[in-house]
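Shown next: target.cif, given as mmCIF, C-alpha atoms.
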data_run
#
loop_
_atom_site.label_atom_id
_atom_site.label_comp_id
_atom_site.auth_asym_id
_atom_site.auth_seq_id
_atom_site.Cartn_x
_atom_site.Cartn_y
_atom_site.Cartn_z
CA SER A 1151 33.88 323.74 -11.30
CA GLY A 1152 32.71 327.20 -12.40
CA PHE A 1153 31.24 330.46 -11.18
CA LYS A 1154 29.31 332.90 -13.34
CA LYS A 1155 28.72 336.41 -12.19
CA GLU A 1156 25.31 337.99 -12.15
CA VAL A 1157 24.21 339.77 -15.32
CA THR A 1158 22.20 342.75 -14.14
CA ALA A 1159 19.39 344.34 -16.10
CA ALA A 1160 21.58 347.38 -16.78
CA LYS A 1161 24.43 345.22 -18.06
CA ALA A 1162 22.05 343.15 -20.14
CA LYS A 1163 20.66 346.29 -21.75
CA ARG A 1164 24.14 347.65 -22.38
CA THR A 1165 25.70 344.45 -23.79
CA GLY A 1166 22.74 342.60 -25.21
CA MET A 1167 23.35 339.66 -22.88
CA LYS A 1168 20.48 337.90 -21.14
CA ALA A 1169 19.95 338.97 -17.55
CA SER A 1170 20.74 336.16 -15.10
CA PRO A 1171 21.56 335.67 -11.41
CA SER A 1172 25.01 334.57 -10.27
CA ARG A 1173 25.40 330.82 -10.10
CA ALA A 1174 28.01 328.18 -9.34
CA SER A 1175 28.33 324.43 -9.89
CA LYS A 1176 30.26 321.86 -7.91
CA ALA A 1177 33.50 320.51 -9.36
CA ALA A 1178 33.47 316.88 -10.49
CA ILE A 1179 35.99 315.95 -7.80
CA LEU A 1180 33.29 316.58 -5.16
CA SER A 1181 30.99 313.90 -6.57
CA ARG A 1182 33.09 311.27 -8.36
CA PRO A 1183 36.67 310.06 -8.88
CA VAL A 1184 38.54 312.05 -11.49
CA ALA A 1185 42.15 310.85 -11.03
CA ILE A 1186 41.74 307.18 -11.85
CA PRO A 1187 45.04 305.27 -11.60
CA PRO A 1188 45.88 302.95 -14.49
CA VAL A 1189 44.92 299.35 -13.93
CA ALA A 1190 47.66 296.80 -14.57
CA ALA A 1191 46.86 294.54 -17.50
CA ASP A 1192 45.99 290.97 -16.51
CA TYR A 1193 45.72 289.35 -19.94
CA ALA A 1194 47.40 289.48 -23.33
CA GLU A 1195 46.08 287.82 -26.45
CA ASN A 1196 49.50 287.11 -27.91
CA ALA A 1197 53.21 287.22 -27.23
CA VAL A 1198 53.58 290.60 -28.96
CA ASP A 1199 51.11 292.29 -26.61
CA ALA A 1200 52.57 290.54 -23.58
CA LEU A 1201 56.10 291.63 -24.51
CA ALA A 1202 54.95 295.22 -25.06
CA ILE A 1203 53.28 295.30 -21.64
CA SER A 1204 56.37 293.87 -19.94
CA MET A 1205 58.71 296.31 -21.69
CA SER A 1206 56.49 299.29 -20.91
CA GLU A 1207 56.14 298.35 -17.23
CA THR A 1208 59.75 297.46 -16.42
CA GLY A 1209 61.87 298.20 -19.51
CA ARG A 1210 62.93 294.55 -19.74
CA VAL A 1211 61.63 291.12 -20.68
CA SER A 1212 59.99 289.54 -17.63
CA VAL A 1213 59.21 285.95 -18.61
CA LYS A 1214 57.27 285.49 -15.38
CA ARG A 1215 55.04 288.49 -16.12
CA ILE A 1216 54.57 287.47 -19.75
CA ALA A 1217 53.65 283.92 -18.73
CA SER A 1218 51.08 285.34 -16.31
CA LEU A 1219 49.58 287.59 -19.00
CA ARG A 1220 49.37 284.72 -21.44
CA GLY A 1221 48.11 282.15 -18.92
CA ILE A 1222 50.89 279.70 -19.79
CA SER A 1223 54.02 278.35 -18.14
CA GLU A 1224 57.29 280.29 -18.14
CA GLU A 1225 58.86 277.64 -20.40
CA GLU A 1226 56.06 278.07 -22.93
CA ALA A 1227 56.35 281.86 -22.70
CA ALA A 1228 60.10 281.67 -23.35
CA LYS A 1229 59.46 279.52 -26.44
CA GLU A 1230 56.88 282.01 -27.74
CA LEU A 1231 59.39 284.85 -27.37
CA THR A 1232 62.45 283.13 -28.82
CA GLY A 1233 60.83 280.87 -31.42
CA GLY A 1234 60.08 281.40 -35.09
CA GLU A 1235 62.08 282.84 -37.96
CA SER A 1236 62.01 286.37 -36.51
CA PRO A 1237 62.06 286.00 -32.71
CA LEU A 1238 60.75 288.74 -30.46
CA ALA A 1239 63.64 288.12 -28.05
CA PHE A 1240 66.92 286.25 -27.78
CA VAL A 1241 68.78 284.31 -25.12
CA ASP A 1242 71.91 286.36 -24.32
CA PRO A 1243 74.92 284.24 -23.29
CA GLU A 1244 76.74 287.38 -22.10
CA GLN A 1245 74.01 288.05 -19.52
CA GLY A 1246 73.71 284.62 -17.99
CA TYR A 1247 71.39 283.40 -20.76
CA GLU A 1248 68.77 285.97 -19.79
CA ILE A 1249 66.10 286.64 -22.41
CA VAL A 1250 66.64 290.06 -24.01
CA GLU A 1251 64.23 291.97 -26.26
CA ARG A 1252 65.12 291.81 -29.95
CA ASN A 1253 65.88 295.49 -30.53
CA ALA A 1254 68.21 295.65 -27.53
CA TYR A 1255 70.02 292.42 -28.43
CA LEU A 1256 70.60 293.31 -32.08
CA SER A 1257 72.27 296.63 -31.25
CA GLY A 1258 75.33 297.82 -29.39
CA ASN A 1259 78.56 295.87 -29.86
CA VAL A 1260 77.10 293.31 -32.25
CA ARG A 1261 80.55 291.98 -33.23
CA ARG A 1262 81.29 290.95 -29.65
CA LYS A 1263 77.78 289.51 -29.30
CA LEU A 1264 78.31 287.46 -32.46
CA GLU A 1265 81.49 285.92 -31.05
CA ALA A 1266 79.65 285.09 -27.82
CA ALA A 1267 76.78 283.50 -29.76
CA LYS A 1268 79.22 281.40 -31.76
CA GLY A 1269 80.90 280.28 -28.54
CA ALA A 1270 77.51 279.22 -27.16
CA ASP A 1271 76.49 277.64 -30.51
CA LEU A 1272 73.21 279.59 -30.65
CA GLN A 1273 72.37 279.31 -34.34
CA VAL A 1274 69.29 281.57 -34.25
CA ASN A 1275 71.33 284.30 -32.57
CA ILE A 1276 74.21 283.85 -35.01
CA SER A 1277 71.96 284.26 -38.06
CA ALA A 1278 70.26 287.36 -36.66
CA LEU A 1279 73.54 289.00 -35.59
CA GLN A 1280 75.24 288.27 -38.91
CA ALA A 1281 72.42 290.12 -40.67
CA VAL A 1282 73.05 293.33 -38.68
CA GLN A 1283 76.85 293.42 -38.71
CA PRO A 1284 78.14 296.86 -39.75
CA GLU A 1285 79.61 297.07 -43.23
CA GLN A 1286 83.37 296.51 -43.22
CA TRP A 1287 85.43 299.64 -43.75
CA THR A 1288 88.02 299.45 -46.51
CA SER A 1289 91.56 300.78 -46.19
CA ASP A 1290 90.67 304.02 -47.99
CA LYS A 1291 88.34 304.88 -45.08
CA VAL A 1292 90.83 303.97 -42.35
CA ARG A 1293 93.36 306.55 -41.18
CA ALA A 1294 96.40 304.92 -39.56
CA ARG A 1295 97.73 308.04 -37.85
CA ILE A 1296 101.09 307.86 -36.15
CA GLY A 1297 100.52 307.80 -32.39
CA ALA A 1298 97.22 305.91 -32.56
CA ASN A 1299 97.28 303.36 -29.75
CA TRP A 1300 95.25 300.80 -31.71
CA ILE A 1301 98.21 300.26 -34.03
CA PRO A 1302 100.38 297.42 -32.66
CA THR A 1303 103.78 298.39 -31.25
CA ALA A 1304 105.34 295.87 -33.64
CA VAL A 1305 104.27 298.07 -36.55
CA TYR A 1306 105.89 301.13 -35.00
CA ALA A 1307 109.01 299.11 -34.23
CA GLU A 1308 109.19 297.89 -37.83
CA PHE A 1309 108.83 301.47 -39.08
CA ALA A 1310 111.54 302.76 -36.71
CA GLY A 1311 113.87 299.92 -37.70
CA LYS A 1312 113.37 300.73 -41.37
CA LEU A 1313 114.34 304.38 -40.88
CA LEU A 1314 117.26 303.60 -38.57
CA ASP A 1315 118.37 300.64 -40.69
CA SER A 1316 118.76 298.73 -37.43
CA LYS A 1317 116.53 297.08 -34.87
CA ALA A 1318 114.33 299.25 -32.68
CA ARG A 1319 111.93 298.47 -29.85
CA VAL A 1320 108.64 300.16 -29.06
CA THR A 1321 106.68 299.52 -25.86
CA TYR A 1322 103.28 300.79 -24.76
CA SER A 1323 101.74 300.97 -21.30
CA GLU A 1324 97.93 300.81 -21.27
CA LEU A 1325 97.94 301.95 -17.65
CA THR A 1326 99.66 305.26 -18.39
CA ASN A 1327 98.91 305.45 -22.14
CA VAL A 1328 102.61 306.11 -22.82
CA PHE A 1329 104.86 304.86 -25.62
CA GLN A 1330 108.62 304.43 -25.32
CA VAL A 1331 111.03 303.99 -28.26
CA THR A 1332 114.52 302.53 -27.84
CA GLY A 1333 117.18 301.91 -30.45
CA ASP A 1334 120.34 303.39 -31.94
CA PHE A 1335 120.37 307.11 -31.20
CA ASP A 1336 123.91 308.11 -32.17
CA THR A 1337 124.01 306.99 -35.80
CA ALA A 1338 123.84 309.28 -38.82
CA ALA A 1339 120.29 308.08 -39.48
CA ALA A 1340 119.24 308.99 -35.93
CA THR A 1341 120.99 312.36 -35.65
CA THR A 1342 121.10 313.66 -39.21
CA THR A 1343 118.68 311.96 -41.61
CA TRP A 1344 115.70 311.47 -39.24
CA GLY A 1345 116.74 313.52 -36.24
CA THR A 1346 119.18 316.11 -34.95
CA LYS A 1347 122.17 315.89 -32.63
CA ARG A 1348 120.16 317.59 -29.89
CA VAL A 1349 116.99 315.55 -30.48
CA PRO A 1350 117.74 312.15 -32.07
CA PHE A 1351 115.15 310.10 -33.93
CA THR A 1352 114.19 307.93 -30.94
CA GLU A 1353 113.25 311.00 -28.90
CA ILE A 1354 111.31 312.56 -31.76
CA LEU A 1355 109.34 309.36 -32.44
CA THR A 1356 108.63 308.91 -28.72
CA ALA A 1357 107.24 312.46 -28.60
CA MET A 1358 105.14 311.83 -31.72
CA LEU A 1359 103.66 308.62 -30.38
CA ASN A 1360 102.75 310.36 -27.14
CA SER A 1361 101.52 313.56 -28.86
CA SER A 1362 104.06 315.51 -26.85
CA ARG A 1363 105.51 318.91 -27.70
CA ILE A 1364 109.13 319.01 -28.85
CA ALA A 1365 111.14 321.88 -27.36
CA VAL A 1366 114.92 322.31 -26.93
CA TYR A 1367 116.40 324.28 -24.03
CA ASP A 1368 120.00 325.38 -23.26
CA THR A 1369 121.38 325.78 -19.76
CA ASP A 1370 123.87 328.52 -19.03
CA SER A 1371 126.70 328.50 -16.49
CA ASP A 1372 124.34 329.80 -13.80
CA GLY A 1373 121.93 326.93 -14.32
CA ASN A 1374 119.26 329.00 -16.06
CA ARG A 1375 117.34 327.41 -18.96
CA HIS A 1376 116.82 329.26 -22.24
CA PHE A 1377 114.56 328.19 -25.09
CA ASN A 1378 116.51 327.34 -28.27
CA GLN A 1379 114.29 328.26 -31.19
CA THR A 1380 116.75 327.11 -33.91
CA GLU A 1381 117.19 323.58 -32.51
CA THR A 1382 113.46 323.30 -31.77
CA ASP A 1383 112.55 324.24 -35.34
CA ALA A 1384 115.09 321.75 -36.70
CA ALA A 1385 113.62 318.93 -34.58
CA ASN A 1386 110.07 319.81 -35.61
CA ASP A 1387 111.11 319.79 -39.28
CA LYS A 1388 112.33 316.21 -38.78
CA LYS A 1389 109.06 315.43 -37.04
CA ARG A 1390 107.09 316.46 -40.13
CA GLU A 1391 109.37 314.38 -42.36
CA ILE A 1392 108.88 311.33 -40.14
CA SER A 1393 105.11 311.79 -40.19
CA GLU A 1394 105.10 311.96 -44.00
CA ALA A 1395 107.35 308.90 -44.18
CA PHE A 1396 104.97 306.94 -41.93
CA ASP A 1397 101.93 307.91 -44.02
CA ASP A 1398 103.71 306.74 -47.18
CA TRP A 1399 104.93 303.50 -45.57
CA VAL A 1400 102.14 302.20 -43.34
CA PHE A 1401 99.72 301.00 -46.08
CA LYS A 1402 102.31 300.40 -48.79
CA ASP A 1403 102.63 296.70 -47.96
CA SER A 1404 99.41 294.85 -48.86
CA ASP A 1405 99.62 292.39 -45.96
CA ARG A 1406 100.16 295.16 -43.43
CA ARG A 1407 97.34 297.21 -44.98
CA LYS A 1408 94.95 294.27 -44.81
CA SER A 1409 95.97 293.43 -41.23
CA LEU A 1410 95.58 296.99 -39.93
CA THR A 1411 92.25 297.49 -41.72
CA GLN A 1412 90.88 294.30 -40.19
CA LEU A 1413 92.21 295.31 -36.77
CA PHE A 1414 90.50 298.70 -37.05
CA ASN A 1415 87.19 297.06 -38.00
CA ASP A 1416 87.43 294.56 -35.15
CA LYS A 1417 88.20 297.27 -32.62
CA PHE A 1418 86.05 300.20 -33.69
CA ASN A 1419 83.57 299.20 -36.39
CA THR A 1420 81.61 297.00 -34.02
CA ARG A 1421 78.52 298.89 -32.93
CA VAL A 1422 75.03 299.29 -34.31
CA SER A 1423 72.64 301.95 -33.04
CA ARG A 1424 69.52 300.57 -31.44
CA GLN A 1425 66.78 299.90 -33.95
CA TYR A 1426 63.08 299.37 -33.35
CA ASP A 1427 61.41 296.72 -35.50
CA GLY A 1428 57.64 296.96 -35.53
CA SER A 1429 57.06 294.57 -38.43
CA HIS A 1430 55.22 292.15 -36.12
CA LEU A 1431 52.48 294.64 -35.20
CA SER A 1432 49.02 293.80 -36.58
CA PHE A 1433 47.08 296.92 -35.38
CA PRO A 1434 43.68 295.41 -34.47
CA GLY A 1435 40.86 297.84 -35.32
CA LYS A 1436 42.79 299.62 -38.08
CA VAL A 1437 41.39 299.64 -41.60
CA PRO A 1438 42.78 296.85 -43.81
CA ASP A 1439 46.20 297.41 -45.37
CA GLN A 1440 44.53 297.46 -48.78
CA ILE A 1441 43.00 300.81 -47.77
CA ILE A 1442 45.77 302.33 -45.61
CA SER A 1443 49.07 300.51 -45.10
CA LEU A 1444 51.57 301.91 -42.61
CA ARG A 1445 55.12 302.14 -43.91
CA ARG A 1446 57.98 300.27 -42.26
CA GLY A 1447 59.29 303.43 -40.61
CA GLN A 1448 55.85 304.18 -39.16
CA LYS A 1449 55.50 300.68 -37.73
CA ASN A 1450 58.96 300.92 -36.19
CA ALA A 1451 58.10 304.29 -34.66
CA VAL A 1452 54.85 302.94 -33.22
CA TRP A 1453 56.66 299.97 -31.64
CA ARG A 1454 59.20 302.31 -30.07
CA GLY A 1455 56.33 304.41 -28.70
CA ILE A 1456 54.74 301.29 -27.23
CA ILE A 1457 57.75 299.97 -25.32
CA GLU A 1458 59.01 303.43 -24.32
CA ASP A 1459 56.78 305.81 -22.41
CA ALA A 1460 58.61 308.92 -23.66
CA VAL A 1461 59.50 309.28 -27.32
CA LEU A 1462 60.02 312.18 -29.75
CA TYR A 1463 58.90 311.78 -33.37
CA ASP A 1464 61.00 314.49 -34.99
CA HIS A 1465 59.71 313.73 -38.47
CA ALA A 1466 59.56 316.03 -41.45
CA VAL A 1467 56.22 317.15 -42.84
CA GLY A 1468 54.79 314.38 -44.99
CA ALA A 1469 56.61 311.56 -43.20
CA GLY A 1470 53.35 310.18 -41.79
CA LYS A 1471 53.68 311.20 -38.15
CA THR A 1472 49.91 311.81 -37.88
CA PHE A 1473 49.10 308.16 -38.53
CA THR A 1474 52.10 307.16 -36.39
CA GLY A 1475 50.83 309.15 -33.41
CA ILE A 1476 47.26 307.89 -33.81
CA ALA A 1477 48.35 304.25 -34.14
CA ARG A 1478 50.63 304.54 -31.11
CA ALA A 1479 47.81 305.99 -28.99
CA MET A 1480 45.35 303.30 -30.09
CA GLU A 1481 47.80 300.45 -29.50
CA ARG A 1482 48.78 301.66 -26.04
CA ARG A 1483 45.12 302.04 -25.09
CA ARG A 1484 44.27 298.59 -26.48
CA MET A 1485 47.09 297.03 -24.43
CA GLY A 1486 46.05 298.87 -21.30
CA LEU A 1487 49.29 300.86 -21.17
CA SER A 1488 47.49 304.22 -21.48
CA LYS A 1489 43.98 304.82 -20.16
CA LYS A 1490 43.17 308.05 -21.96
CA PRO A 1491 45.68 308.97 -24.72
CA MET A 1492 45.47 312.59 -25.80
CA VAL A 1493 46.93 314.51 -28.73
CA VAL A 1494 47.53 318.25 -28.34
CA VAL A 1495 47.49 320.07 -31.69
CA PRO A 1496 47.01 323.68 -32.86
CA ASN A 1497 43.39 324.78 -33.18
CA HIS A 1498 43.47 324.85 -36.97
CA MET A 1499 44.53 321.16 -37.09
CA VAL A 1500 41.95 319.67 -34.73
CA SER A 1501 39.49 318.75 -37.47
CA GLU A 1502 42.30 317.35 -39.64
CA TRP A 1503 43.52 315.05 -36.86
CA ALA A 1504 39.96 313.93 -36.16
CA THR A 1505 39.46 313.14 -39.85
CA GLN A 1506 42.69 311.15 -40.04
CA ALA A 1507 41.88 309.27 -36.82
CA TYR A 1508 38.53 308.12 -38.26
CA ARG A 1509 40.20 307.22 -41.55
CA LEU A 1510 42.68 304.96 -39.79
CA TYR A 1511 40.37 303.61 -37.09
CA PRO A 1512 36.78 303.98 -38.34
#
Could you render the structure as structure tokens?
Amino acid sequence: SGFKKEVTAAKAKRTGMKASPSRASKAAILSRPVAIPPVAADYAENAVDALAISMSETGRVSVKRIASLRGISEEEAAKELTGGESPLAFVDPEQGYEIVERNAYLSGNVRRKLEAAKGADLQVNISALQAVQPEQWTSDKVRARIGANWIPTAVYAEFAGKLLDSKARVTYSELTNVFQVTGDFDTAAATTTWGTKRVPFTEILTAMLNSSRIAVYDTDSDGNRHFNQTETDAANDKKREISEAFDDWVFKDSDRRKSLTQLFNDKFNTRVSRQYDGSHLSFPGKVPDQIISLRRGQKNAVWRGIIEDAVLYDHAVGAGKTFTGIARAMERRRMGLSKKPMVVVPNHMVSEWATQAYRLYP
């Protein structure tokens, strides 16, 4: 593992070192195993440890593996995971009633999951999902911009009919993402008030709904096309007036405002970022909470570090990442997920980390 050169008498006299012959020692790999593979855990004291082992090994809840770790039947293991007031996992009706870990189930499109839970009459799921539903946006936070495809065509048709003072029809193709407006195009409202003779209202609104550029061209006797700046500017002036009219009109009616706000929430305000709840961790071997109690954020970070092999704790100074890192290492070692956890720190912090480690795990 190392070779030391000879220190001659002349060198010893010159440097003050002790004279010594050259020598070498065998590396450890020549006499004993040094790359010891991790041994798969074969026992877990409780459902929390069993779930953590399963998640770390496969990234999912394996009831069969958890049952084996706990020495119980799969039915009993499923009850341990999904029982109690704060279950570790939930039965997901959208995934063939597969058991899904709590943090994964209570994130993502929680509004859709809630509807699925109600359809399956899973009361535990319903209660948990209702508690994490995103806060409803009010109308002052919703921008109903003309051309948005989440706004029903009936609303656009009603708006067009109001400006034209006659019936109008608006269709939308999801396949091509294209709107089409039809209605009176040769009335004064269509060609003077809300449009021009060259570009009537129906054409302008169609372009607005499709976010298309409005440009007017003339064709001469030879068939050549020439851009008409005057007519184009006139049409774009009407476009701005229509946009302002829509903004003033769309939320003016209370029923329409309420309906569109609810529609926006149902369509877009549906997701919750994945959270990691470590409130169930007990940290065997740690000093009692009366001496050092980990904060909720620290427990959540530790749980994330247990079920995910790679994690970044990008915490500010003073947020408690030292205790978080120590607790994560100790928990993973206790569960058999990591054989020899190691923390790499700058030289001047080695003693500090050692002190904190002994404070937390004496």
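Each of A:Val1349, A:Val1437, A:Val1495, A:Leu1355 was checked against Leu1313 (chain A) using all atoms listed in the file; the smallest atom-to-atom distance is that of A:Leu1355.
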Find, counting only C-alpha atoms, the residue in A:Asp1271, A:Glu1481, A:Glu1353, A:Asp1368 that gets nearest to Gly1435 (chain A).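 The shortest atom-to-atom distance to Gly1435 (chain A) comes from A:Glu1481.
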Within 12 Å of Gly1234 (chain A), counting all atoms listed in the file, which residues qualify if same-chain residues fewer than 6 places away don't, as a list in words?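 Listed by chain and then number, they are Ala1197, Ala1228, Phe1240, Val1274, Asn1275, Ala1278 and His1430 of chain A.
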Quote the spacing between CA of Leu1444 (chain A) and CA of Arg1478 (chain A) in Å to one decimal place.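 Distance reported for this atom pair: 11.8 Å.
Candidate residues A:Arg1319, A:Asp1290, A:Val1250, A:Ser1404 were compared for distance to Val1305 (chain A), and the nearest is A:Arg1319, using all atoms listed in the file.
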Spatial neighbours of region 1408-1421 of chain A, 7 Å, only C-alpha atoms, chain gap at least 4 places, as an mmCIF file with C-alpha atoms, in the coordinates of the input:
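And here's out_6.cif as it stands now:
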data_model
loop_
_atom_site.group_PDB
_atom_site.id
_atom_site.type_symbol
_atom_site.label_atom_id
_atom_site.label_comp_id
_atom_site.auth_asym_id
_atom_site.auth_seq_id
_atom_site.Cartn_x
_atom_site.Cartn_y
_atom_site.Cartn_z
ATOM 1 C CA SER A 1257 72.270 296.630 -31.250
ATOM 2 C CA GLY A 1258 75.330 297.820 -29.390
ATOM 3 C CA ASN A 1259 78.560 295.870 -29.860
ATOM 4 C CA VAL A 1260 77.100 293.310 -32.250
ATOM 5 C CA ARG A 1261 80.550 291.980 -33.230
ATOM 6 C CA PRO A 1284 78.140 296.860 -39.750
ATOM 7 C CA GLN A 1286 83.370 296.510 -43.220
ATOM 8 C CA TRP A 1287 85.430 299.640 -43.750
ATOM 9 C CA THR A 1288 88.020 299.450 -46.510
ATOM 10 C CA SER A 1289 91.560 300.780 -46.190
ATOM 11 C CA VAL A 1292 90.830 303.970 -42.350
ATOM 12 C CA SER A 1404 99.410 294.850 -48.860
#
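Here the question is which of A:Thr1352, A:Asn1386, A:Asn1360, A:Gln1448 gets nearest to Ala1298 (chain A) using only C-alpha atoms, and that residue is A:Asn1360.
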Name the residues that the PyMOL selection byres ((chain A and resi 1168-1177) around 7) pulls out of this structure, and write them as number ranges by chain. A: 1151-1159, 1162, 1166-1167, 1178-1180
Quick one: pull the distance between CA of Phe1473 (chain A) and CA of Ala1239 (chain A), Å, one decimal.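 Between CA of Phe1473 (chain A) and CA of Ala1239 (chain A) the gap is 26.9 Å.
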Starting from the shown file, work through the PyMOL selection byres ((chain A and resi 1321) around 12) and note down what comes out as a list in words.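 In the shown coordinates, the PyMOL selection byres ((chain A and resi 1321) around 12) covers Asn1299, Ile1301, Pro1302, Thr1303, Ala1304, Val1305, Tyr1306, Ala1307, Ala1318, Arg1319, Val1320, Tyr1322, Ser1323, Glu1324, Thr1326, Asn1327, Val1328, Phe1329, Gln1330, Val1331, Thr1332, Gly1333, Thr1356, Leu1359 and Asn1360 of chain A.
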With the file shown as input, list the residues that the PyMOL selection byres ((chain A and resi 1230) around 10) selects, as a ChimeraX atom specification. /A:1196-1198,1216-1217,1224-1229,1231-1234,1237-1239
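Contact shell of Thr1337 (chain A) at 12 Å (only C-alpha atoms; same-chain neighbours under 5 positions omitted): Leu1313, Leu1314, Asp1315, Ser1316, Thr1342, Thr1343, Trp1344, Gly1345, Thr1346, Lys1347, Pro1350, Phe1351 and Thr1352 of chain A.
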Between A:Thr1474, A:Ser1223, A:Ser1429, A:Ser1181, which one has atoms that come closest to Gly1455 (chain A), using all atoms listed in the file?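 Closest to Gly1455 (chain A) of all the choices is A:Thr1474.
Using all atoms listed in the file, the nearest neighbour of Ala1479 (chain A) within the list A:Ile1392, A:Ile1276, A:Ile1456, A:Met1499 is A:Ile1456.
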Which residues are close to Arg1482 (chain A), i.e. within 9 Å by all atoms listed in the file, leaving aside same-chain residues fewer than 6 positions away? Reply as a list in words. Ala1202, Ile1203, Gly1455, Ile1456, Ser1488, Lys1489 and Pro1491 of chain A
Contacts of Gln1506 (chain A) within 12 Å, all atoms listed in the file, excl. fewer than 6 positions in-chain, as number ranges by chain: A: 1436-1437, 1442, 1470-1477, 1499-1500, 1512
What does the distance from CA of Val1213 (chain A) to CA of Tyr1247 (chain A) come to in Å, to one decimal?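 Going from CA of Val1213 (chain A) over to CA of Tyr1247 (chain A), I get 12.6 Å.
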